[in-house]
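Q: Would you mind keeping the following structure in view while I ask a few things?
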Amino acid sequence: QLLGERLIPFVALDVRSDRVAKGRDMEMPVYFGDSGSSAVLHSVGASKAACAVVVLDTPGANYRCVWAIKKHYPNVKIYVRARDVSHGLNLEKAGASAVVPETLEPSLQLAAAVLQEMQLPPEDVTSAIDEYRRKHIAELSELAYVSGSSLGYGYGKNSSKQSEPVETTSVEVE
């Protein structure tokens, strides 16, 4: 939805027909297909994509999709959600350009809810969550620098700077 609202062209893939139907009901370009299949990737125009976003439900499916995109479309940048840091490092080895562990943001949302329940002022909640996020991103950046990985929030290999955003023309989701 974020891409569509900004008039950035994209294509979404899913293997669950209910999610495809929901996307279609919202007039989004969602198609039924396996994003780990080279034939499916070809049919949705992956060769024209600036990047792909992979947010599959299972680690094996994520890995297979990243591997297929990297093998058949090596110039496509791949941004992927990982279960955790270990999974993220495996996805990076498969060819992911940037990996974000899925545990961080939900944990921060839960922490914010608890802080609000404890009657902290909204500005203190926002400040605490932002500070924790910055610290975590700094740690991921340090990991990227030391290990040569790009794990986390689009940080480039051997760099502590955030990479420049790229225009998205195709997005692989499930």
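Labels used: A, B, ... for chains in the order of the structure tokens, numbers from 1 for residues in each chain, and numbers from 1 for ligands as shown.
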Report as a PyMOL selection string: the residues of region 60-93 of chain A with a DSSP assignment of helix (DSSP H, G or I), based on the backbone of this structure.

A: chain A and resi 60-72+85-93

Q: Considering only C-alpha atoms, return as number ranges by chain whatever protein or nucleic-acid residues lie within 10 Å of region 121-124 of chain A, sequence-local ones (same chain, fewer than 6 positions apart) excluded.

A: A: 112, 115, 130

Q: Please produce an output containing N, CA and C atoms for each residue in the selection, written as a compact mmCIF listing (two decimals), in the first residue's frame.

A:
# COMPACT_ATOMS: atom_id res chain seq x y z
N ALA A 112 6.31 -0.05 23.82
CA ALA A 112 5.60 1.23 23.84
C ALA A 112 4.24 1.08 24.51
N LEU A 115 4.83 0.83 28.27
CA LEU A 115 5.19 2.14 28.83
C LEU A 115 3.97 3.06 28.91
N ASP A 130 12.49 5.52 20.41
CA ASP A 130 13.42 6.02 19.39
C ASP A 130 14.87 5.82 19.81

Q: Calculated over only C-alpha atoms, which of the candidates A:Met28, A:Cys51, A:Val44, A:Leu7 has the smallest distance to Val66 (chain A)?

A: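 When distances to Val66 (chain A) are compared using only C-alpha atoms, the smallest one comes from A:Cys51.
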
Q: Measuring between only C-alpha atoms, which one of A:Leu104, A:Val80, A:Gly45, A:Leu110 shows the shortest distance to Pro59 (chain A)?

A: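 Using only C-alpha atoms, Pro59 (chain A) sits closest to A:Val80.
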
Q: Rank nothing, just name the residue among A:Leu120, A:Val114, A:Ala21, A:Val54 nearest to Gly88 (chain A), using only C-alpha atoms.

A: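 Among the listed residues, the smallest separation from Gly88 (chain A) belongs to A:Val54.
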
Q: As a PyMOL selection string, please: every residue in region 6-168 of chain A that a backbone DSSP assignment puts in strand (DSSP E).

A: chain A and resi 12-14+30-32+51-54+77-82+98-101

Q: Have a look at A:Ala111, A:Val20, A:Leu13, A:Ile69 and name the one nearest to Ala96 (chain A); count only C-alpha atoms.

A: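 Once distances to Ala96 (chain A) are computed over only C-alpha atoms, the minimum belongs to A:Ile69.
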
Q: With only C-alpha atoms as the counted atoms, please give the residues lying no more than 8 Å from Tyr73 (chain A), apart from itself and same-chain residues fewer than 3 positions off, as a PDB file with all heavy atoms, in the first residue's frame.

A:
ATOM      1  N   ALA A  46      10.494  -9.359 -13.458  1.00  0.00           N
ATOM      2  CA  ALA A  46      11.570  -9.140 -12.490  1.00  0.00           C
ATOM      3  C   ALA A  46      12.825  -8.550 -13.129  1.00  0.00           C
ATOM      4  O   ALA A  46      13.587  -7.852 -12.461  1.00  0.00           O
ATOM      5  CB  ALA A  46      11.905 -10.441 -11.768  1.00  0.00           C
ATOM      6  N   SER A  47      13.005  -8.767 -14.411  1.00  0.00           N
ATOM      7  CA  SER A  47      14.195  -8.226 -15.077  1.00  0.00           C
ATOM      8  C   SER A  47      14.189  -6.700 -15.100  1.00  0.00           C
ATOM      9  O   SER A  47      15.245  -6.074 -15.240  1.00  0.00           O
ATOM     10  CB  SER A  47      14.302  -8.769 -16.496  1.00  0.00           C
ATOM     11  OG  SER A  47      13.174  -8.350 -17.262  1.00  0.00           O
ATOM     12  N   ALA A  68      16.758 -17.461  -5.783  1.00  0.00           N
ATOM     13  CA  ALA A  68      16.256 -17.426  -7.161  1.00  0.00           C
ATOM     14  C   ALA A  68      16.418 -16.036  -7.771  1.00  0.00           C
ATOM     15  O   ALA A  68      16.838 -15.906  -8.931  1.00  0.00           O
ATOM     16  CB  ALA A  68      14.789 -17.855  -7.206  1.00  0.00           C
ATOM     17  N   ILE A  69      16.086 -15.014  -7.023  1.00  0.00           N
ATOM     18  CA  ILE A  69      16.220 -13.653  -7.552  1.00  0.00           C
ATOM     19  C   ILE A  69      17.687 -13.347  -7.829  1.00  0.00           C
ATOM     20  O   ILE A  69      18.036 -12.824  -8.895  1.00  0.00           O
ATOM     21  CB  ILE A  69      15.614 -12.617  -6.584  1.00  0.00           C
ATOM     22  CG1 ILE A  69      14.100 -12.803  -6.482  1.00  0.00           C
ATOM     23  CG2 ILE A  69      15.947 -11.197  -7.034  1.00  0.00           C
ATOM     24  CD1 ILE A  69      13.453 -12.012  -5.351  1.00  0.00           C
ATOM     25  N   LYS A  70      18.552 -13.668  -6.887  1.00  0.00           N
ATOM     26  CA  LYS A  70      19.985 -13.367  -7.055  1.00  0.00           C
ATOM     27  C   LYS A  70      20.565 -14.141  -8.241  1.00  0.00           C
ATOM     28  O   LYS A  70      21.354 -13.601  -9.010  1.00  0.00           O
ATOM     29  CB  LYS A  70      20.743 -13.705  -5.769  1.00  0.00           C
ATOM     30  CG  LYS A  70      22.137 -13.169  -5.755  1.00  0.00           C
ATOM     31  CD  LYS A  70      22.086 -11.663  -5.795  1.00  0.00           C
ATOM     32  CE  LYS A  70      23.443 -11.041  -5.668  1.00  0.00           C
ATOM     33  NZ  LYS A  70      23.368  -9.583  -5.739  1.00  0.00           N
ATOM     34  N   VAL A  76      19.171  -6.985  -9.324  1.00  0.00           N
ATOM     35  CA  VAL A  76      18.044  -6.582  -8.492  1.00  0.00           C
ATOM     36  C   VAL A  76      18.477  -6.590  -7.029  1.00  0.00           C
ATOM     37  O   VAL A  76      18.987  -7.593  -6.529  1.00  0.00           O
ATOM     38  CB  VAL A  76      16.835  -7.526  -8.696  1.00  0.00           C
ATOM     39  CG1 VAL A  76      15.714  -7.208  -7.721  1.00  0.00           C
ATOM     40  CG2 VAL A  76      16.334  -7.440 -10.132  1.00  0.00           C
TER      41      VAL A  76
END

Q: Counting only C-alpha atoms, which of A:Asn75, A:Gln116, A:Ser86, A:Gln1 gets nearest to Lys48 (chain A)?

A: A:Asn75

Q: What does the distance from CA of Val11 (chain A) to CA of His42 (chain A) come to in Å, to one decimal?

A: 12.0 Å

Q: Can you tell me which residues surround Tyr63 (chain A) at a distance of at most 9 Å, considering only C-alpha atoms, apart from same-chain residues fewer than 5 positions away, and format the answer as a ChimeraX atom specification?

A: /A:36,58,68,87,90-91,94

Q: Could the residues in this selection be saved with C-alpha atoms as a compact mmCIF listing (two decimals), in the first residue's frame?

A:
# COMPACT_ATOMS: atom_id res chain seq x y z
CA GLY A 36 10.97 -18.64 -5.68
CA THR A 58 8.89 -19.32 6.46
CA ALA A 68 16.26 -17.43 -7.16
CA HIS A 87 18.47 -16.35 9.71
CA ASN A 90 21.99 -16.99 5.97
CA LEU A 91 19.78 -14.83 3.75
CA ALA A 94 22.07 -16.30 -0.40

Q: Quick one, how far is CA of Ser97 (chain A) from CA of Val30 (chain A)?

A: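 We find that CA of Ser97 (chain A) and CA of Val30 (chain A) lie 23.4 Å from each other.
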
Q: Which residue is closest to Ala50 (chain A)? Choose from A:Ile8, A:Cys65, A:Ile137, A:Met26 and count only C-alpha atoms.

A: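 Going through A:Ile8, A:Cys65, A:Ile137, A:Met26 one by one, the smallest distance to Ala50 (chain A) is for A:Ile8.
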
Q: Have a look at CA of Arg83 (chain A) and CA of Gln109 (chain A) and let me know their distance in Å, one decimal.

A: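 Pair CA of Arg83 (chain A) / CA of Gln109 (chain A) returns 16.8 Å.
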